[in-house]
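Text of upload-v2.cif (mmCIF, C-alpha atoms) as supplied:
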data_input
loop_
_atom_site.group_PDB
_atom_site.id
_atom_site.type_symbol
_atom_site.label_atom_id
_atom_site.label_comp_id
_atom_site.auth_asym_id
_atom_site.auth_seq_id
_atom_site.Cartn_x
_atom_site.Cartn_y
_atom_site.Cartn_z
ATOM 1 C CA MET X 1 45.466 57.180 113.863
ATOM 2 C CA THR X 2 42.846 55.495 116.025
ATOM 3 C CA GLU X 3 40.379 56.908 118.460
ATOM 4 C CA GLN X 4 39.330 55.244 121.685
ATOM 5 C CA HIS X 5 36.193 55.964 123.649
ATOM 6 C CA TYR X 6 35.689 55.595 127.364
ATOM 7 C CA PRO X 7 32.450 56.096 129.262
ATOM 8 C CA ALA X 8 34.372 58.304 131.668
ATOM 9 C CA GLY X 9 34.741 61.273 129.330
ATOM 10 C CA PRO X 10 34.841 62.776 125.834
ATOM 11 C CA ALA X 11 37.453 62.104 123.175
ATOM 12 C CA MET X 12 40.596 64.167 123.563
ATOM 13 C CA VAL X 13 43.378 65.225 121.201
ATOM 14 C CA LYS X 14 46.956 66.268 121.880
ATOM 15 C CA ILE X 15 47.837 69.392 119.942
ATOM 16 C CA ASP X 16 51.211 70.874 119.089
ATOM 17 C CA GLY X 17 51.181 74.399 120.512
ATOM 18 C CA THR X 18 54.155 75.453 118.414
ATOM 19 C CA LYS X 19 52.282 74.556 115.228
ATOM 20 C CA VAL X 20 49.168 76.372 116.459
ATOM 21 C CA ARG X 21 51.081 79.582 117.160
ATOM 22 C CA ALA X 22 52.987 79.403 113.865
ATOM 23 C CA ILE X 23 49.830 78.939 111.785
ATOM 24 C CA ARG X 24 47.974 81.683 113.671
ATOM 25 C CA GLU X 25 50.782 84.195 113.216
ATOM 26 C CA GLN X 26 51.331 83.201 109.593
ATOM 27 C CA LYS X 27 47.686 83.961 108.829
ATOM 28 C CA GLY X 28 47.671 87.183 110.839
ATOM 29 C CA LEU X 29 45.039 85.983 113.322
ATOM 30 C CA THR X 30 44.828 87.323 116.862
ATOM 31 C CA GLN X 31 44.433 85.164 119.948
ATOM 32 C CA LEU X 32 41.158 86.995 120.575
ATOM 33 C CA TYR X 33 39.816 85.928 117.180
ATOM 34 C CA VAL X 34 40.796 82.288 117.761
ATOM 35 C CA ALA X 35 39.387 82.323 121.297
ATOM 36 C CA THR X 36 36.056 83.676 120.063
ATOM 37 C CA VAL X 37 35.695 81.002 117.380
ATOM 38 C CA VAL X 38 36.628 78.181 119.764
ATOM 39 C CA GLU X 39 34.566 79.747 122.589
ATOM 40 C CA VAL X 40 37.371 79.848 125.144
ATOM 41 C CA THR X 41 39.387 82.640 126.745
ATOM 42 C CA THR X 42 42.519 84.190 125.291
ATOM 43 C CA ASP X 43 44.393 82.831 128.328
ATOM 44 C CA THR X 44 43.378 79.330 127.279
ATOM 45 C CA VAL X 45 44.651 79.876 123.737
ATOM 46 C CA SER X 46 47.914 81.204 125.185
ATOM 47 C CA ARG X 47 48.278 78.100 127.360
ATOM 48 C CA TRP X 48 47.645 75.861 124.361
ATOM 49 C CA GLU X 49 50.326 77.643 122.362
ATOM 50 C CA ASN X 50 52.787 77.468 125.266
ATOM 51 C CA LYS X 51 52.084 73.721 125.624
ATOM 52 C CA ARG X 52 50.776 74.090 129.168
ATOM 53 C CA TYR X 53 47.531 72.355 128.162
ATOM 54 C CA PRO X 54 48.576 70.107 125.257
ATOM 55 C CA THR X 55 45.625 67.713 125.611
ATOM 56 C CA ILE X 56 42.223 69.241 124.854
ATOM 57 C CA LYS X 57 38.743 68.071 123.962
ATOM 58 C CA LYS X 58 38.484 66.882 120.381
ATOM 59 C CA GLU X 59 35.497 69.229 119.945
ATOM 60 C CA ASN X 60 37.717 72.183 120.849
ATOM 61 C CA GLY X 61 40.428 70.806 118.605
ATOM 62 C CA LEU X 62 38.054 70.797 115.643
ATOM 63 C CA ARG X 63 36.975 74.375 116.392
ATOM 64 C CA LEU X 64 40.598 75.422 116.763
ATOM 65 C CA ALA X 65 41.379 73.928 113.358
ATOM 66 C CA GLU X 66 38.374 75.753 111.897
ATOM 67 C CA ALA X 67 39.563 79.062 113.355
ATOM 68 C CA LEU X 68 43.014 78.498 111.855
ATOM 69 C CA GLU X 69 41.441 77.340 108.576
ATOM 70 C CA VAL X 70 43.378 74.065 108.530
ATOM 71 C CA GLU X 71 42.624 70.383 109.025
ATOM 72 C CA LEU X 72 42.740 69.019 112.570
ATOM 73 C CA SER X 73 45.597 66.684 111.627
ATOM 74 C CA GLU X 74 47.796 69.703 110.835
ATOM 75 C CA ILE X 75 47.859 70.891 114.461
ATOM 76 C CA LEU X 76 48.097 67.547 116.255
ATOM 77 C CA ASP X 77 51.197 66.378 118.057
ATOM 78 C CA ALA X 78 52.583 63.947 115.488
ATOM 79 C CA ALA X 79 53.815 61.564 118.163
ATOM 80 C CA ALA X 80 50.604 61.501 120.192
ATOM 81 C CA GLY X 81 47.720 61.415 117.688
ATOM 82 C CA VAL X 82 44.292 61.136 119.241
ATOM 83 C CA ALA X 83 43.945 60.263 122.929
ATOM 84 C CA SER X 84 40.956 59.883 125.211
ATOM 85 C CA THR X 85 40.185 60.716 128.819
ATOM 86 C CA GLU X 86 40.608 57.886 131.249
ATOM 87 C CA ASN X 87 39.886 57.862 134.954
ATOM 88 C CA ASP X 88 42.626 57.413 137.487
ATOM 89 C CA ALA X 89 43.651 53.755 137.783
ATOM 90 C CA SER X 90 42.341 53.442 141.308
ATOM 91 C CA GLU X 91 39.003 54.974 140.333
ATOM 92 C CA SER X 92 38.766 52.619 137.353
ATOM 93 C CA ALA X 93 39.467 49.664 139.635
ATOM 94 C CA ASP X 94 36.730 50.782 142.007
ATOM 95 C CA GLN X 95 34.251 51.043 139.124
ATOM 96 C CA THR X 96 35.264 47.680 137.615
ATOM 97 C CA HIS X 97 35.379 45.808 140.937
ATOM 98 C CA PRO X 98 32.854 47.434 143.279
ATOM 99 C CA SER X 99 33.117 46.796 146.984
ATOM 100 C CA GLN X 100 31.404 43.649 148.142
ATOM 101 C CA ASP X 101 30.757 44.825 151.699
ATOM 102 C CA GLY X 102 27.529 46.557 150.816
ATOM 103 C CA ASN X 103 28.949 50.021 151.483
ATOM 104 C CA SER X 104 29.562 50.942 147.849
ATOM 105 C CA ALA X 105 27.302 53.475 146.170
ATOM 106 C CA GLU X 106 25.836 50.695 144.083
ATOM 107 C CA GLY X 107 25.099 48.634 147.183
ATOM 108 C CA ILE X 108 23.422 51.529 148.982
ATOM 109 C CA PHE X 109 21.223 52.445 146.030
ATOM 110 C CA ALA X 110 20.299 48.790 145.510
ATOM 111 C CA THR X 111 19.226 48.262 149.109
ATOM 112 C CA ASP X 112 17.588 51.570 149.950
ATOM 113 C CA PRO X 113 17.411 54.179 147.155
ATOM 114 C CA TRP X 114 16.807 57.627 148.652
ATOM 115 C CA TYR X 115 14.177 58.392 146.052
ATOM 116 C CA HIS X 116 12.141 55.435 147.341
ATOM 117 C CA ARG X 117 11.916 56.933 150.794
ATOM 118 C CA PRO X 118 8.666 58.720 151.775
ATOM 119 C CA GLY X 119 8.500 62.352 150.661
ATOM 120 C CA HIS X 120 11.845 62.308 148.852
ATOM 121 C CA LEU X 121 10.405 61.676 145.395
ATOM 122 C CA SER X 122 8.345 64.874 145.491
ATOM 123 C CA ILE X 123 11.427 66.835 146.600
ATOM 124 C CA PHE X 124 13.384 65.359 143.688
ATOM 125 C CA VAL X 125 10.655 66.410 141.236
ATOM 126 C CA VAL X 126 10.609 69.977 142.591
ATOM 127 C CA ILE X 127 14.408 70.286 142.413
ATOM 128 C CA ALA X 128 14.468 68.896 138.873
ATOM 129 C CA ALA X 129 11.786 71.370 137.805
ATOM 130 C CA LEU X 130 13.698 74.303 139.311
ATOM 131 C CA VAL X 131 16.960 73.267 137.664
ATOM 132 C CA GLY X 132 15.176 72.819 134.341
ATOM 133 C CA GLY X 133 13.587 76.255 134.632
ATOM 134 C CA VAL X 134 16.898 77.952 135.398
ATOM 135 C CA TRP X 135 18.583 76.169 132.481
ATOM 136 C CA ALA X 136 15.815 77.188 130.091
ATOM 137 C CA ALA X 137 16.007 80.814 131.226
ATOM 138 C CA LEU X 138 19.762 80.927 130.770
ATOM 139 C CA HIS X 139 19.601 79.134 127.423
ATOM 140 C CA TYR X 140 16.794 81.079 125.812
ATOM 141 C CA LEU X 141 17.129 84.496 127.438
ATOM 142 C CA SER X 142 20.888 84.925 127.436
ATOM 143 C CA PRO X 143 22.352 87.436 124.950
ATOM 144 C CA GLU X 144 24.355 84.676 123.268
ATOM 145 C CA ALA X 145 21.198 82.759 122.428
ATOM 146 C CA SER X 146 19.892 85.715 120.437
ATOM 147 C CA ILE X 147 22.461 85.200 117.684
ATOM 148 C CA SER X 148 20.037 82.742 116.108
ATOM 149 C CA GLU X 149 17.772 85.749 115.545
ATOM 150 C CA THR X 150 20.524 88.117 114.438
ATOM 151 C CA THR X 151 20.466 88.603 110.678
ATOM 152 C CA VAL X 152 22.829 90.257 108.229
ATOM 153 C CA THR X 153 21.512 91.555 104.908
ATOM 154 C CA ARG X 154 23.782 92.559 102.058
ATOM 155 C CA VAL X 155 22.823 95.633 100.013
ATOM 156 C CA VAL X 156 24.733 96.221 96.790
ATOM 157 C CA SER X 157 23.808 98.147 93.656
ATOM 158 C CA PRO X 158 22.714 96.061 90.651
ATOM 159 C CA HIS X 159 25.437 97.751 88.596
ATOM 160 C CA PHE X 160 28.752 99.591 88.884
ATOM 161 C CA ILE X 161 31.361 101.303 86.746
ATOM 162 C CA PRO X 162 34.546 99.221 86.436
ATOM 163 C CA GLY X 163 37.545 100.897 88.027
ATOM 164 C CA LYS X 164 35.399 103.045 90.359
ATOM 165 C CA PRO X 165 34.816 102.210 94.059
ATOM 166 C CA LEU X 166 31.730 100.091 94.705
ATOM 167 C CA PRO X 167 30.341 100.013 98.270
ATOM 168 C CA VAL X 168 28.877 96.805 99.669
ATOM 169 C CA PHE X 169 26.607 97.433 102.666
ATOM 170 C CA LEU X 170 25.965 94.865 105.402
ATOM 171 C CA LYS X 171 22.890 95.649 107.528
ATOM 172 C CA ILE X 172 22.993 93.874 110.891
ATOM 173 C CA ALA X 173 19.748 93.422 112.823
ATOM 174 C CA ASN X 174 20.001 92.208 116.421
ATOM 175 C CA PRO X 175 16.577 92.104 118.139
ATOM 176 C CA SER X 176 18.129 91.569 121.567
ATOM 177 C CA PRO X 177 18.593 94.637 123.810
ATOM 178 C CA GLU X 178 21.922 93.139 124.863
ATOM 179 C CA ALA X 179 25.151 93.234 122.881
ATOM 180 C CA VAL X 180 25.879 90.068 120.917
ATOM 181 C CA SER X 181 29.344 88.902 119.882
ATOM 182 C CA ILE X 182 29.600 87.930 116.224
ATOM 183 C CA ILE X 183 32.153 86.981 113.612
ATOM 184 C CA LEU X 184 31.198 88.420 110.247
ATOM 185 C CA LYS X 185 32.921 87.113 107.128
ATOM 186 C CA GLU X 186 32.514 88.397 103.590
ATOM 187 C CA GLU X 187 34.302 86.908 100.601
ATOM 188 C CA VAL X 188 35.795 89.492 98.262
ATOM 189 C CA PRO X 189 34.459 88.650 94.771
ATOM 190 C CA ASP X 190 36.823 87.254 92.183
ATOM 191 C CA ASP X 191 38.197 89.860 89.755
ATOM 192 C CA SER X 192 37.878 92.597 92.400
ATOM 193 C CA THR X 193 40.173 94.242 94.946
ATOM 194 C CA PHE X 194 39.297 95.163 98.534
ATOM 195 C CA THR X 195 40.012 98.859 99.203
ATOM 196 C CA ALA X 196 38.419 99.899 102.529
ATOM 197 C CA ALA X 197 36.083 98.822 105.331
ATOM 198 C CA PHE X 198 33.905 100.564 107.890
ATOM 199 C CA PRO X 199 34.239 99.926 110.716
ATOM 200 C CA SER X 200 37.810 98.762 110.310
ATOM 201 C CA SER X 201 37.855 95.016 109.774
ATOM 202 C CA SER X 202 39.778 92.564 111.953
ATOM 203 C CA GLY X 203 41.707 91.626 108.839
ATOM 204 C CA ILE X 204 41.458 90.206 105.347
ATOM 205 C CA ILE X 205 42.775 86.685 104.931
ATOM 206 C CA ALA X 206 42.719 84.597 101.767
ATOM 207 C CA GLY X 207 40.306 86.998 100.125
ATOM 208 C CA THR X 208 37.866 87.131 103.055
ATOM 209 C CA VAL X 209 37.097 90.292 105.036
ATOM 210 C CA LYS X 210 36.516 89.498 108.722
ATOM 211 C CA TRP X 211 35.018 91.449 111.597
ATOM 212 C CA LEU X 212 35.090 90.266 115.219
ATOM 213 C CA THR X 213 32.827 92.576 117.184
ATOM 214 C CA LYS X 214 29.786 93.062 119.386
ATOM 215 C CA VAL X 215 26.592 94.499 117.951
ATOM 216 C CA THR X 216 23.610 96.095 119.650
ATOM 217 C CA GLY X 217 20.346 96.729 117.830
ATOM 218 C CA SER X 218 20.723 97.659 114.169
ATOM 219 C CA GLU X 219 24.167 98.470 112.798
ATOM 220 C CA LEU X 220 25.704 99.011 109.378
ATOM 221 C CA PHE X 221 29.030 97.709 108.137
ATOM 222 C CA TYR X 222 30.335 98.306 104.657
ATOM 223 C CA TYR X 223 33.381 97.744 102.539
ATOM 224 C CA THR X 224 34.446 98.970 99.110
ATOM 225 C CA ILE X 225 35.946 97.117 96.187
ATOM 226 C CA THR X 226 37.226 98.041 92.750
ATOM 227 C CA THR X 227 37.917 96.169 89.546
ATOM 228 C CA ASP X 228 40.266 96.776 86.683
ATOM 229 C CA PRO X 229 38.861 99.519 84.404
ATOM 230 C CA SER X 230 38.766 96.996 81.563
ATOM 231 C CA PHE X 231 36.684 94.477 83.510
ATOM 232 C CA ASN X 232 33.367 93.547 81.933
ATOM 233 C CA GLY X 233 31.074 91.089 83.643
ATOM 234 C CA THR X 234 29.377 90.128 86.907
ATOM 235 C CA LEU X 235 30.651 89.998 90.480
ATOM 236 C CA SER X 236 29.172 87.466 92.918
ATOM 237 C CA PHE X 237 29.036 87.797 96.710
ATOM 238 C CA ALA X 238 28.952 85.328 99.598
ATOM 239 C CA GLY X 239 29.407 85.625 103.344
ATOM 240 C CA SER X 240 28.390 84.344 106.763
ATOM 241 C CA VAL X 241 27.793 85.417 110.346
ATOM 242 C CA ARG X 242 28.464 83.345 113.451
ATOM 243 C CA GLY X 243 27.737 83.896 117.122
ATOM 244 C CA SER X 244 29.432 82.693 120.290
ATOM 245 C CA ASN X 245 26.778 80.150 121.262
ATOM 246 C CA GLY X 246 28.165 77.311 119.165
ATOM 247 C CA SER X 247 25.646 77.653 116.363
ATOM 248 C CA GLN X 248 26.623 77.009 112.766
ATOM 249 C CA PRO X 249 27.464 80.044 110.599
ATOM 250 C CA ALA X 250 24.392 81.612 108.975
ATOM 251 C CA GLU X 251 24.449 82.810 105.387
ATOM 252 C CA ILE X 252 24.268 86.549 104.737
ATOM 253 C CA LEU X 253 20.965 87.431 103.106
ATOM 254 C CA GLY X 254 20.161 89.985 100.407
ATOM 255 C CA ASP X 255 21.840 90.887 97.121
ATOM 256 C CA VAL X 256 24.302 88.370 95.699
ATOM 257 C CA SER X 257 25.586 89.918 92.458
ATOM 258 C CA THR X 258 26.234 93.106 90.494
ATOM 259 C CA ARG X 259 27.278 93.789 86.902
ATOM 260 C CA THR X 260 29.300 96.378 84.990
ATOM 261 C CA SER X 261 27.502 99.332 83.399
ATOM 262 C CA LEU X 262 27.865 103.051 82.629
ATOM 263 C CA HIS X 263 25.708 104.136 85.590
ATOM 264 C CA HIS X 264 26.662 105.374 89.051
ATOM 265 C CA TRP X 265 26.104 102.732 91.735
ATOM 266 C CA ALA X 266 23.524 104.944 93.495
ATOM 267 C CA ASP X 267 21.509 105.321 90.262
ATOM 268 C CA ILE X 268 19.493 102.177 90.924
ATOM 269 C CA ASP X 269 17.121 102.476 87.956
ATOM 270 C CA GLY X 270 19.914 103.499 85.580
ATOM 271 C CA ASP X 271 18.208 106.624 84.182
ATOM 272 C CA ASN X 272 21.340 108.827 84.446
ATOM 273 C CA ARG X 273 20.000 110.952 87.274
ATOM 274 C CA ILE X 274 19.956 110.711 91.066
ATOM 275 C CA SER X 275 16.376 111.019 92.274
ATOM 276 C CA ASP X 276 15.157 112.087 95.711
ATOM 277 C CA GLU X 277 14.393 108.460 96.558
ATOM 278 C CA GLU X 278 17.835 107.289 95.495
ATOM 279 C CA ILE X 279 19.813 109.836 97.501
ATOM 280 C CA LEU X 280 17.578 109.270 100.535
ATOM 281 C CA ARG X 281 18.220 105.549 100.222
ATOM 282 C CA VAL X 282 21.961 106.167 100.456
ATOM 283 C CA TYR X 283 21.613 108.491 103.447
ATOM 284 C CA ASP X 284 19.353 105.994 105.187
ATOM 285 C CA LEU X 285 22.116 103.428 104.809
ATOM 286 C CA VAL X 286 25.026 105.547 106.015
ATOM 287 C CA ALA X 287 22.959 107.328 108.720
ATOM 288 C CA ASN X 288 25.171 109.847 110.540
ATOM 289 C CA GLU X 289 28.402 108.497 109.105
ATOM 290 C CA THR X 290 30.131 110.269 106.229
ATOM 291 C CA PRO X 291 32.358 107.624 104.655
ATOM 292 C CA SER X 292 34.921 109.384 102.460
ATOM 293 C CA ALA X 293 35.171 106.367 100.162
ATOM 294 C CA LEU X 294 31.596 106.948 98.980
ATOM 295 C CA ASP X 295 32.189 110.528 97.713
ATOM 296 C CA LEU X 296 28.846 111.847 98.958
ATOM 297 C CA ASP X 297 29.717 115.357 97.749
ATOM 298 C CA LEU X 298 29.730 114.128 94.151
ATOM 299 C CA LEU X 299 26.485 112.284 94.773
ATOM 300 C CA GLU X 300 24.833 115.471 96.062
ATOM 301 C CA GLU X 301 26.028 117.401 93.006
ATOM 302 C CA MET X 302 24.447 114.762 90.772
ATOM 303 C CA TRP X 303 21.212 115.003 92.738
ATOM 304 C CA LEU X 304 21.154 118.817 92.479
ATOM 305 C CA GLY X 305 21.792 118.702 88.726
ATOM 306 C CA GLU X 306 19.465 117.570 85.976
ATOM 307 C CA GLY X 307 21.429 114.404 85.379
ATOM 308 C CA TYR X 308 24.882 113.031 84.717
ATOM 309 C CA GLN X 309 26.885 111.136 82.122
ATOM 310 C CA TRP X 310 29.881 108.878 82.457
ATOM 311 C CA GLN X 311 32.777 109.856 80.211
ATOM 312 C CA PRO X 312 34.778 106.652 79.556
ATOM 313 C CA GLU X 313 37.694 108.460 77.911
ATOM 314 C CA GLN X 314 38.231 110.888 80.806
ATOM 315 C CA ARG X 315 36.994 108.309 83.328
ATOM 316 C CA GLN X 316 34.889 110.876 85.136
ATOM 317 C CA PHE X 317 31.286 112.016 85.491
ATOM 318 C CA SER X 318 29.942 115.124 83.819
ATOM 319 C CA ILE X 319 26.971 116.706 85.584
ATOM 320 C CA LEU X 320 24.160 118.238 83.550
ATOM 321 C CA PRO X 321 23.231 121.697 84.925
#
Could you write out this structure as structure tokens?
Amino acid sequence: MTEQHYPAGPAMVKIDGTKVRAIREQKGLTQLYVATVVEVTTDTVSRWENKRYPTIKKENGLRLAEALEVELSEILDAAAGVASTENDASESADQTHPSQDGNSAEGIFATDPWYHRPGHLSIFVVIAALVGGVWAALHYLSPEASISETTVTRVVSPHFIPGKPLPVFLKIANPSPEAVSIILKEEVPDDSTFTAAFPSSSGIIAGTVKWLTKVTGSELFYYTITTDPSFNGTLSFAGSVRGSNGSQPAEILGDVSTRTSLHHWADIDGDNRISDEEILRVYDLVANETPSALDLDLLEEMWLGEGYQWQPEQRQFSILP
């Protein structure tokens, strides 16, 4: 498969819309999700799948393949391969054999360029400055540009009890006053099972929890996982966040691992009691939400008591009065 380049335009590829739709549906992806990753509209994705626009920019083809989590070659039209934009034959002929009567654009510019005429150069400079200023304002002040400043920090306890739900918190900080569209992905650790997410995720595919949403200011996402009760070891975390401005995915910051123990996940220092600081830390995270998966009632009972102990045989906590 060869690729040709023409000065008239960017490289293009011819995709197979039937393959695109089949892969998307097989992986449970929505057209909205694909459109957001590729940075086009859902109507455009629909036209691609219905073969109304089979030839697209190679750049969009690569993004489409990324959204579908396949190689570009897997969605190309097998008979077409890679194509490239080419001007209309008559336009190409005009460019290759310019008019010799002096009326062509090249002839006019060569004999009397407008920017050589008195006063026109200063006008050109002013216009260029205005255009540059507008572009800079749109580029740096638009809500989409703020994704480069949007950060996601993972907060997870240093330890957990195998077989019991473990919450993984994702703190999103968006300094822009405007809403920013993001795709948040979090890989479910090996040896663990995804059980719930808040807010509801856009789906879990190949062991990755995904959210497609808009965020304003500071927000909290979380999900819970469990392991087999017999599991003994460490879980490792990884994830990324991506905005709609074409930037590369940014790594999620914060905690990256947790290990098995006999202590409640909220008991950060592992002293078998829930201190004021520890319960306040949890409430600061969940704010006004009351996620049922976290069992905050049990946590409050532990805090009110003198301590707690984990009973492995009964697989439950006993609270010291």
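Ranking X:Ile319, X:Val37, X:Ile205, X:Val155 by their shortest atom-to-atom distance to Val286 (chain X), with all atoms listed in the file included, puts X:Val155 first.
The gap separating CA of Arg259 (chain X) from CA of Pro162 (chain X) is 9.1 Å, in Å to one decimal.
Separating CA of Gly254 (chain X) from CA of Lys171 (chain X) is a distance of 9.5 Å.
Taking CA of Ala179 (chain X) as the reference point, CA of Thr195 (chain X) is found at 28.5 Å.
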Quiz item: If we count only C-alpha atoms, what is near region 185-187 of chain X at a cut-off of 7 Å, once residues fewer than 3 positions away on the same chain are taken out, given as an MDAnalysis selection string?
Solution: chainID X and resid 207:211 237:241
Legend entry - Residues within 6 Å of Tyr223 (chain X), only C-alpha atoms, excluding chain neighbours under 4 positions, as a PyMOL selection string: chain X and resi 167-168+196-197
Between X:His264, X:Trp303, X:Ser192, X:Ala79, smallest distance to Glu277 (chain X) by only C-alpha atoms belongs to X:Trp303
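Applied to the file shown here, the PyMOL selection byres ((chain X and resi 236) around 10) selects the residues Glu187, Val188, Pro189, Asp190, Asp191, Thr234, Leu235, Phe237, Ala238, Asp255, Val256, Ser257, Thr258 and Arg259 of chain X.
Taken over the whole file, the PyMOL selection byres ((chain X and resi 47) around 12) covers exactly Ile15, Asp16, Gly17, Thr18, Val20, Arg21, Gln31, Ala35, Val40, Thr41, Thr42, Asp43, Thr44, Val45, Ser46, Trp48, Glu49, Asn50, Lys51, Arg52, Tyr53, Pro54, Thr55 and Ile56 of chain X.
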Take the selection from the previous step and output its residues with C-alpha atoms, as a PDB file, in the frame of the given file.
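New file result.pdb:
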ATOM      1  CA  ILE X  15      47.837  69.392 119.942  1.00  0.00           C
ATOM      2  CA  ASP X  16      51.211  70.874 119.089  1.00  0.00           C
ATOM      3  CA  GLY X  17      51.181  74.399 120.512  1.00  0.00           C
ATOM      4  CA  THR X  18      54.155  75.453 118.414  1.00  0.00           C
ATOM      5  CA  VAL X  20      49.168  76.372 116.459  1.00  0.00           C
ATOM      6  CA  ARG X  21      51.081  79.582 117.160  1.00  0.00           C
ATOM      7  CA  GLN X  31      44.433  85.164 119.948  1.00  0.00           C
ATOM      8  CA  ALA X  35      39.387  82.323 121.297  1.00  0.00           C
ATOM      9  CA  VAL X  40      37.371  79.848 125.144  1.00  0.00           C
ATOM     10  CA  THR X  41      39.387  82.640 126.745  1.00  0.00           C
ATOM     11  CA  THR X  42      42.519  84.190 125.291  1.00  0.00           C
ATOM     12  CA  ASP X  43      44.393  82.831 128.328  1.00  0.00           C
ATOM     13  CA  THR X  44      43.378  79.330 127.279  1.00  0.00           C
ATOM     14  CA  VAL X  45      44.651  79.876 123.737  1.00  0.00           C
ATOM     15  CA  SER X  46      47.914  81.204 125.185  1.00  0.00           C
ATOM     16  CA  TRP X  48      47.645  75.861 124.361  1.00  0.00           C
ATOM     17  CA  GLU X  49      50.326  77.643 122.362  1.00  0.00           C
ATOM     18  CA  ASN X  50      52.787  77.468 125.266  1.00  0.00           C
ATOM     19  CA  LYS X  51      52.084  73.721 125.624  1.00  0.00           C
ATOM     20  CA  ARG X  52      50.776  74.090 129.168  1.00  0.00           C
ATOM     21  CA  TYR X  53      47.531  72.355 128.162  1.00  0.00           C
ATOM     22  CA  PRO X  54      48.576  70.107 125.257  1.00  0.00           C
ATOM     23  CA  THR X  55      45.625  67.713 125.611  1.00  0.00           C
ATOM     24  CA  ILE X  56      42.223  69.241 124.854  1.00  0.00           C
TER      25      ILE X  56
END
Note to self: Could you tell me, as a list in words, exactly which residues end up selected when the PyMOL selection byres ((chain X and resi 67) around 8) is applied to this structure?
What the structure shows: Tyr33, Val34, Val37, Val38, Arg63, Leu64, Ala65, Glu66, Leu68, Glu69 and Val70 of chain X
